[in-house]
Each structure stands twice: as C-alpha cells, then as structure tokens.
Amino acid sequence: MPIPKLSETTIELHTSAQSLKRGEAYYLAGNVTRAVRRGNMVQAVVEGSEVEPYRVTLPFDDAGLASTLFCTCPYDNGGWCKHIVATLLLCLRQPEIIEEGPTLEQLLDRLNDVQTQQLIQHLVKKEPSLIDAIEQYINLSAIPAPSNQPTKAPRHTSIDPAPFRHQVRRILREAVRYLEDGWEEDPITEELLDVIQRAQEFSEQGDGNNALVILEAITTACVEDWNDVEEFGAENSEIANALNEAWTEAILTAQLTAEEEIDLQVMLEAWQDEWDCDFSMSLEALRQGWDDPLLQEVLEGNITRSGVWAGDAPDCARDLALVRLQILDRQERDREYLYLAQAEGCTQQYLTMLTRLGRVEEAVEAAATQMQSAEEAFALVQTLKQQGALEQALKICQSGLNLSGHCHYQLATSMSELAVELGEDELALNARIQIFKIQPSFSDYSLVKELARDSWSTLKADLLATLKTNESWKFTDAKVYIFLHEVMIEDAIALVDGLGYYQSALIHRVMGAAISHSPDWVIANACRRAASIMDQGKSNEYNLAIKWLEKARAAYLHTGQNLQWSAYRSQLMQVHSRKRKLMEMLKSPDLD
C-alpha cells in the first residue's frame with residue numbers, strides 16, 4: 001500500500017456520506033485515470049463534471065496521511081471531496097496500478113543552473129502571480145543567518161517589508177473576489193499563516209529584529225484591509241493568534257532599545273483595539289523581556305511556588321513560557337531551560353530535556369511524581385527511545401497507560417514494540433490486547449494471536465466478545481474482516497445489512513462470503529439495492545446496480561435457481577425497457 005495506515009475507516013471518518021457514496025462511484029467507474037507516487041506524495045488525475053479533469057494531491061508520512069489533502073475542485077461542504085475519496089480507494093484497493101515517479105528534488109537534480117532559471121521563467125510566464133512568492137523567497141534567502149548567541153548586539157534590519165505588505169493585501173483582495181463569487185471555502189487563513197511563518201523563520205534563526213519588520217508589515221496590512229473581508233463573515237481569530245505568538249517570539253529574540261519597546265507597545269495596543277483581537281502575550285513579553293527580576297531569579301535556579309509571577313499568572317502564562325523555552329533551547333541554555341520549565345509547570349518539556357541531556361534516571365524518577373497525562377508519558381517515551389533507553393521507555397509506557405489523556409493507543413503500541421524488542425513476551429501480549437480493545441483492527445487481532453500461542457483459544461473468545469459489544473461505527477470494517485476470518489457469517493451480515501451505499505465495498509465483501517452460507521440473504525439484499533438505483537433512474541449509478549445484480553446472480557446460480565434468475569432478469573428488462581443505457585448493461589454476458 002503506498003500510503004501507511006490507510007483504511008476505509010479512515011476515509012469514512014473524514015468524509016460525508018454523500019461524498020463517500022459518490023467517491024465510490026467515481027472509483028468503480030474508473031474516473032481516476034492516472035495516479036503517481038512521488039516520494040511521500042500521491043498525485044492523481046480524476047475525471048469529473050467539468051471538461052478539465054481535477055487534480056488530487058495526497059501528502060503523507062510514516063504516520064499516515066497529512067492533515068490537509070488537496071483537490072482542484074471547488075468542494076467545501078465538510079470533509080474530503082469525492083475526487084479525493086476515489087483516489088484513496090484506488091490507493092487502498094489497487095495499489096499495484098499506481099505509477100512510481102521522481103520527486104521534485106530528483107527532477108531538479110537533472111537540471112543545471114541555466115536550465116533551472118529557464119524553468120522558473122517558463123512557470124512564471126504561465127502563472128504570473130508566482131513572482132510574488134519568488135520575491136519573498138529571495139528576500140529571505142539574501143539575509144545571512146545570525147549566530148544564536150544570547151549576548152546583546154546592536155539592532156540591524158536589512159529586509160524590505162514592502163513585499164510582505166503587498167502580499168497580504170493581494171491575499172485579501174483575491175479573497176474578496178472569491179467570496180463575491182460565492183466561495184464557501186476559506187481563501188485567507190492558510191495563505192496568511194504561510195506569510196507569518198516566514199517571519200517566524202527569522203526568529204528561529206535568531207534574527208528577531210527582521211522578524212519584527214516583517215510582522216509589522218503583515219499586521220498593518222491585515223488591520224487596515226480586514227474590513228473588506230469581514231463583510232463576508234471572515235473571522236480574524238486564527239490569524240490574530242498566530243500573529244500574537246509570532247510577535248512574542250520575535251520580541252523575545254530581538255535586541256530593542258527602550259524607545260523601540262515603547263513604540264511597539266503603542267502599536268500592539270492600537271492594533272488590539274482596532275482589530276478587536278488579543279495581543280496580551282506579546283505585550284507581556286514586551287513588559288517582562290528577559291530582564292524581569294522574578295524571571296531572572298528563576299533562570300538562576302531560585303524557584304518559588306509563584307514562578308515568574310508576582311501575583312496571579314495571566315491566561316497566557318503557559319504559552320509564553322513555551323515560547324521562552326523554544327528560544328532557550330535554540331540558544332542551548334539548557335540549565336535555564338530546565339529551571340524555567342520546572343518553575344512554570346511545563347512537565348513534558350522538563351522531562352524530555354532531562355532525557356535529551358542524558359540524565360535519564362533523573363527524568364524517570366521525576367516522572368514518577370510529576371507526570372500527569374498520557375501525552376506527557378508518550379513524549380517522554382519517544383525521547384527515551386531516541387536516547388536508546390528502552391527499558392526506561394517501557395517503564396514509562398506502563399505508567400502512562402494509567403494516566404488520563406487521549407494517546408493510550410500510541411502508548412500501548414510503543415509498549416508492545418518495546419516489549420518485543422526487549423524479549424518481554426507477556427508485556428508485549430498485554431499491550432497488544434489493550435491496543436485491540438482501544439482501537440480494534442484485523443492486524444492487531446492477528447498480532448495477539450501470534451503472541452498468545454497456547455493461550456489463544458481463551459483470548460480469542462474474550463476479544464470476540466469485546467468486539468461484539470463495541471458499538472462504535474468507526475470499527476465496522478475491522479469487525480467485518482474479523483468475523484469473516486472466523487467464519488462468523490451471521491455476525492458479519494448483521495453488521496452490514498442496514499449499511500448505505502457508501503459502504504458498498506464492505507457489503508460486497510460480506511456477500512461474497514455469504515453466497516454459500518446465506519444465499520437467500522444475498523439475493524434479497526442485492527436485489528433490493530439494485531432496484532433502488534434502477535427504479536429512481538440514476539443513470540450515472542447503473543454500473544453499481546449491475547454489480548449488485550452480479551452478486552444476486554451468483555447466489556441464484558449457487559443454489560441451482562438458474563431459471564429463477566433468468567425470469568427475474570427478464571422481468572427487469574421488461575420493467576426498464578425504456579432506459580436505453582440500463583438495457584445495454586442488463587444484456588451483458590456477465591449476467592447470463
């Protein structure tokens with residue numbers, strides 16, 4: 001399979017019932033005309049309702065699909081569109097027909113400098129708006145990265161803010177045009193977040209002063225031009241939050257004079273009022289800086305219960321601490337990092353930094369009293385594994401499974417893998433059982449069987465009982481696969497009997513297994529589903545009706561009811577004689 005951890009359940013979780021049904025129809029009709037894998041990305045061409053086909057891009061990594069998939073269609077009704085669904089079904093069911101293509105890096109490696117320049121000129125000629133992105137990239141690349149030293153240096157800015165201001169205004173102008181045309185998809189947020197990220201890249205290189213120049217250009221343009229998109233219901237909260245964090249990091253990275261600090265405070269407060277947003281974290285960073293007496297006490301190791309705050313900590317205290325920790329980490333100020341993480345209750349950061357510094361036993365000992373969530377445990381486990389401390393990682397897995405949180409599946413998976421590697425067979429088995437109970441799958445069912453050996457018969461009954469009592473629709477696929485594997489045909493039939501057409505692949509799977517066991521159910525169910533499509537005259541779905549009829553025919557013939565099938569088919573041809581497209585399909589030799 002080209003995409004790790006892809007399943008029909010994954011597709012169902014991210015897709016509306018209508019898109020799932022239509023995507024299935026597109027897949028079965030062969031609308032995905034080409035699919036190519038390029039490294040960690042699958043690209044496909046999908047024929048749709050327009051003359052030009054749609055183009056689908058599916059980025060992924062070892063953990064599975066990325067959070068954002070792309071299609072050139074205008075769909076925006078929630079979840080993945082039918083073109084994405086059709087492509088994913090192809091990846092899942094026919095991975096062998098996906099071509100292997102070179103990645104962008106591999107393609108560019110074939111060109112010399114002159115050819116690369118010619119390529120860029122050709123692309124800009126076809127898409128003139130690309131020149132803005134090229135100018136942005138060149139502006140950023142032209143500035144040398146400063147060293148990450150905590151010592152003060154005179155302020156120096158050399159970047160031109162104009163391209164950033166122009167880019168934001170262009171994004172907002174184009175958004176107005178899209179919104180006027182009735183687009184429901186958000187045309188603003190993703191593009192603006194990309195621009196803000198460019199400023200953050202300067203902060204990450206230690207160049208806070210140039211980051212401030214860029215952020216001023218971005219924020220000014222947003223505040224001055226936002227009314228144009230606000231008329232269409234655009235909200236600024238996500239953009240304002242990203243700007244607040246970016247301003248905070250830049251302020252704490254830059255070298256500012258007292259006069260510059262005052263100017264920034266005035267600007268931030270004015271924007272906060274005019275744009276009705278929250279820049280409190282940025283303002284707090286500006287007020288405290290790094291010279292605040294209480295903060296200095298903490299950074300020197302003098303930690304009190306109040307941490308870095310004289311009174312009640314503000315709402316932004318934790319987020320501000322996390323930004324400070326990122327900066328201290330970049331500057332390799334490890335001791336101060338640990339002091340601040342401890343003072344501000346950033347347990348995950350404290351424990352993982354101890355581990356990264358090689359203080360593994362100290363981290364494990366601290367975890368015993370300070371670790372409060374499964375997420376903290378999982379982060380520590382990952383860091384311990386990177387350090388080669390497998391036995392300690394296994395111990396943290398066991399502790400973490402008893403804590404509250406939402407990553408018990410990941411923790412149990414790590415525990416099983418570690419236990420196998422360390423030869424702890426019983427722990428590996430127990431972990432795999434927990435995994436199955438949290439998120440049932442056929443692969444985990446098989447792994448439990450493999451690990452259980454002589455105790456499998458007892459465990460099998462327990463797992464099947466757990467499966468039967470699990471009423472979550474998310475695991476329907478897993479339940480069907482396991483029931484069919486164990487020849488529990490009636491249980492599989494009960495699961496799919498009432499399912500809609502968007503799960504037709506699963507129903508077909510059960511029908512295939514049930515033909516010899518419950519042919520009457522196959523006949524009745526398949527004929528009902530086919531009739532629903534034919535009676536409503538859904539010509540674009542006739543191919544699906546024929547597939548249901550093929551299942552009904554197989555069940556009729558299996559029970560020796562050849563004449564009954566011929567009579568039923570003749571009746572269908574008589575009833576639907578005016579539907580030319582359907583009649584051609586009903587005359588197919590496959591239905592003889």
# chains A, B, ... in the order shown; residues from 1 in each chain; ligands from 1
call {"tool": "residues_around", "arguments": {"residues": "Leu58 (chain A)", "least_positions_apart": "6", "cutoff": "10 Å", "atoms": "only C-alpha atoms", "output": "MDAnalysis selection string"}}
result
chainID A and resid 3 37 40:44 65:71 84 87:88
call {"tool": "residues_around", "arguments": {"residues": "Glu190 (chain A)", "least_positions_apart": "3", "cutoff": "12 Å", "atoms": "only C-alpha atoms", "output": "ChimeraX atom specification"}}
result
/A:68,168,171-172,175,185-187,193-197,238-239,242
call {"tool": "closest_residue", "arguments": {"among": "A:Glu230, A:Asp160, A:Asp113, A:Glu376", "to": "Ala217 (chain A)", "atoms": "only C-alpha atoms"}}
result
A:Asp160
call {"tool": "atom_distance", "arguments": {"atom1": "CA of Val229 (chain A)", "atom2": "CA of Val176 (chain A)"}}
result
5.8 Å
call {"tool": "decode", "arguments": {"residues": "region 136-279 of chain A", "atoms": "C-alpha atoms", "output": "CSV table (one decimal), in the first residue's frame"}}
result
chain,number,residue,atom,x,y,z
A,136,GLN,CA,9.6,36.7,-0.9
A,137,TYR,CA,11.9,33.7,-1.0
A,138,ILE,CA,14.8,35.7,-2.5
A,139,ASN,CA,14.3,38.5,0.1
A,140,LEU,CA,14.5,36.0,2.9
A,141,SER,CA,17.4,33.9,1.5
A,142,ALA,CA,19.5,37.0,0.9
A,143,ILE,CA,19.9,37.7,4.6
A,144,PRO,CA,22.6,35.7,6.4
A,145,ALA,CA,21.5,33.8,9.4
A,146,PRO,CA,22.9,35.3,12.6
A,147,SER,CA,24.6,33.2,15.3
A,148,ASN,CA,22.4,32.1,18.2
A,149,GLN,CA,24.2,33.9,20.9
A,150,PRO,CA,22.4,35.3,24.0
A,151,THR,CA,24.8,38.3,24.1
A,152,LYS,CA,23.3,41.6,23.1
A,153,ALA,CA,24.1,43.1,19.7
A,154,PRO,CA,23.2,46.4,18.0
A,155,ARG,CA,19.9,46.3,16.2
A,156,HIS,CA,20.2,45.8,12.5
A,157,THR,CA,17.5,45.3,9.9
A,158,SER,CA,18.1,44.8,6.2
A,159,ILE,CA,14.9,43.3,4.9
A,160,ASP,CA,12.4,45.3,2.8
A,161,PRO,CA,8.9,45.0,4.4
A,162,ALA,CA,7.1,46.1,1.2
A,163,PRO,CA,6.8,42.7,-0.5
A,164,PHE,CA,5.2,41.2,2.7
A,165,ARG,CA,2.7,44.1,3.0
A,166,HIS,CA,1.8,43.8,-0.8
A,167,GLN,CA,1.4,40.0,-0.5
A,168,VAL,CA,-1.0,40.3,2.5
A,169,ARG,CA,-3.1,42.9,0.6
A,170,ARG,CA,-3.1,40.7,-2.5
A,171,ILE,CA,-4.3,37.8,-0.5
A,172,LEU,CA,-7.2,39.9,1.0
A,173,ARG,CA,-8.1,41.4,-2.4
A,174,GLU,CA,-8.3,37.9,-4.0
A,175,ALA,CA,-10.3,36.7,-1.1
A,176,VAL,CA,-12.9,39.4,-1.7
A,177,ARG,CA,-13.2,38.2,-5.3
A,178,TYR,CA,-13.6,34.6,-4.3
A,179,LEU,CA,-16.2,35.5,-1.6
A,180,GLU,CA,-18.1,37.6,-4.0
A,181,ASP,CA,-18.3,34.7,-6.4
A,182,GLY,CA,-19.9,32.6,-3.6
A,183,TRP,CA,-17.0,30.5,-2.4
A,184,GLU,CA,-17.6,28.9,0.9
A,185,GLU,CA,-14.0,27.7,1.3
A,186,ASP,CA,-11.8,29.9,3.5
A,187,PRO,CA,-9.5,31.7,1.0
A,188,ILE,CA,-7.5,33.6,3.6
A,189,THR,CA,-6.2,31.7,6.6
A,190,GLU,CA,-3.8,29.2,5.1
A,191,GLU,CA,-2.1,31.8,2.8
A,192,LEU,CA,-1.7,34.3,5.6
A,193,LEU,CA,-0.3,31.7,8.0
A,194,ASP,CA,2.3,30.9,5.4
A,195,VAL,CA,3.4,34.6,5.3
A,196,ILE,CA,3.5,34.7,9.1
A,197,GLN,CA,5.7,31.6,9.1
A,198,ARG,CA,8.3,33.4,7.0
A,199,ALA,CA,8.6,35.9,9.9
A,200,GLN,CA,8.9,33.1,12.4
A,201,GLU,CA,11.8,31.6,10.3
A,202,PHE,CA,13.8,34.7,11.0
A,203,SER,CA,13.1,34.4,14.8
A,204,GLU,CA,14.1,30.8,14.6
A,205,GLN,CA,17.5,31.9,13.1
A,206,GLY,CA,17.9,34.3,15.9
A,207,ASP,CA,17.1,37.4,13.8
A,208,GLY,CA,14.2,38.9,15.8
A,209,ASN,CA,14.7,42.4,14.5
A,210,ASN,CA,14.0,41.5,10.9
A,211,ALA,CA,11.1,39.3,12.1
A,212,LEU,CA,9.6,42.4,13.8
A,213,VAL,CA,9.9,44.4,10.5
A,214,ILE,CA,8.0,41.6,8.6
A,215,LEU,CA,5.4,41.3,11.3
A,216,GLU,CA,4.7,45.0,11.4
A,217,ALA,CA,4.1,44.9,7.6
A,218,ILE,CA,1.8,41.9,7.9
A,219,THR,CA,-0.2,43.2,10.9
A,220,THR,CA,-0.6,46.7,9.4
A,221,ALA,CA,-2.0,45.3,6.2
A,222,CYS,CA,-4.3,42.9,8.0
A,223,VAL,CA,-5.7,45.6,10.3
A,224,GLU,CA,-6.1,48.2,7.6
A,225,ASP,CA,-7.7,46.0,5.0
A,226,TRP,CA,-9.7,43.4,7.1
A,227,ASN,CA,-13.0,45.3,6.8
A,228,ASP,CA,-13.1,44.2,3.1
A,229,VAL,CA,-13.4,40.5,4.0
A,230,GLU,CA,-15.2,41.0,7.3
A,231,GLU,CA,-18.3,42.0,5.3
A,232,PHE,CA,-18.4,38.4,4.1
A,233,GLY,CA,-18.1,36.9,7.7
A,234,ALA,CA,-14.4,36.3,7.7
A,235,GLU,CA,-13.0,35.9,11.3
A,236,ASN,CA,-9.6,37.0,12.4
A,237,SER,CA,-9.1,34.8,15.5
A,238,GLU,CA,-6.8,32.2,14.0
A,239,ILE,CA,-4.7,34.8,12.2
A,240,ALA,CA,-4.5,37.0,15.3
A,241,ASN,CA,-3.5,34.1,17.5
A,242,ALA,CA,-0.7,33.2,15.1
A,243,LEU,CA,0.5,36.8,15.0
A,244,ASN,CA,0.4,37.0,18.8
A,245,GLU,CA,2.7,34.0,19.0
A,246,ALA,CA,5.0,35.3,16.2
A,247,TRP,CA,5.2,38.7,17.8
A,248,THR,CA,6.0,37.2,21.2
A,249,GLU,CA,8.9,35.1,19.8
A,250,ALA,CA,10.3,38.0,17.8
A,251,ILE,CA,10.2,40.4,20.7
A,252,LEU,CA,12.0,37.9,22.9
A,253,THR,CA,14.6,37.2,20.2
A,254,ALA,CA,15.2,40.8,19.1
A,255,GLN,CA,17.5,43.5,20.7
A,256,LEU,CA,15.4,46.5,21.4
A,257,THR,CA,16.1,50.0,22.8
A,258,ALA,CA,13.7,51.5,25.4
A,259,GLU,CA,12.3,53.8,22.7
A,260,GLU,CA,11.6,50.9,20.4
A,261,GLU,CA,9.9,49.0,23.2
A,262,ILE,CA,7.5,51.9,23.8
A,263,ASP,CA,6.8,52.2,20.0
A,264,LEU,CA,6.0,48.5,19.8
A,265,GLN,CA,3.7,48.7,22.9
A,266,VAL,CA,1.8,51.6,21.4
A,267,MET,CA,1.4,49.8,18.1
A,268,LEU,CA,0.3,46.5,19.6
A,269,GLU,CA,-2.3,48.1,21.9
A,270,ALA,CA,-3.7,50.2,19.0
A,271,TRP,CA,-4.0,47.1,16.8
A,272,GLN,CA,-5.6,45.2,19.6
A,273,ASP,CA,-8.3,47.8,20.0
A,274,GLU,CA,-8.8,48.4,16.3
A,275,TRP,CA,-8.8,44.8,15.2
A,276,ASP,CA,-10.7,43.5,18.3
A,277,CYS,CA,-8.0,40.8,19.0
A,278,ASP,CA,-5.8,39.7,21.8
A,279,PHE,CA,-2.1,40.6,21.8
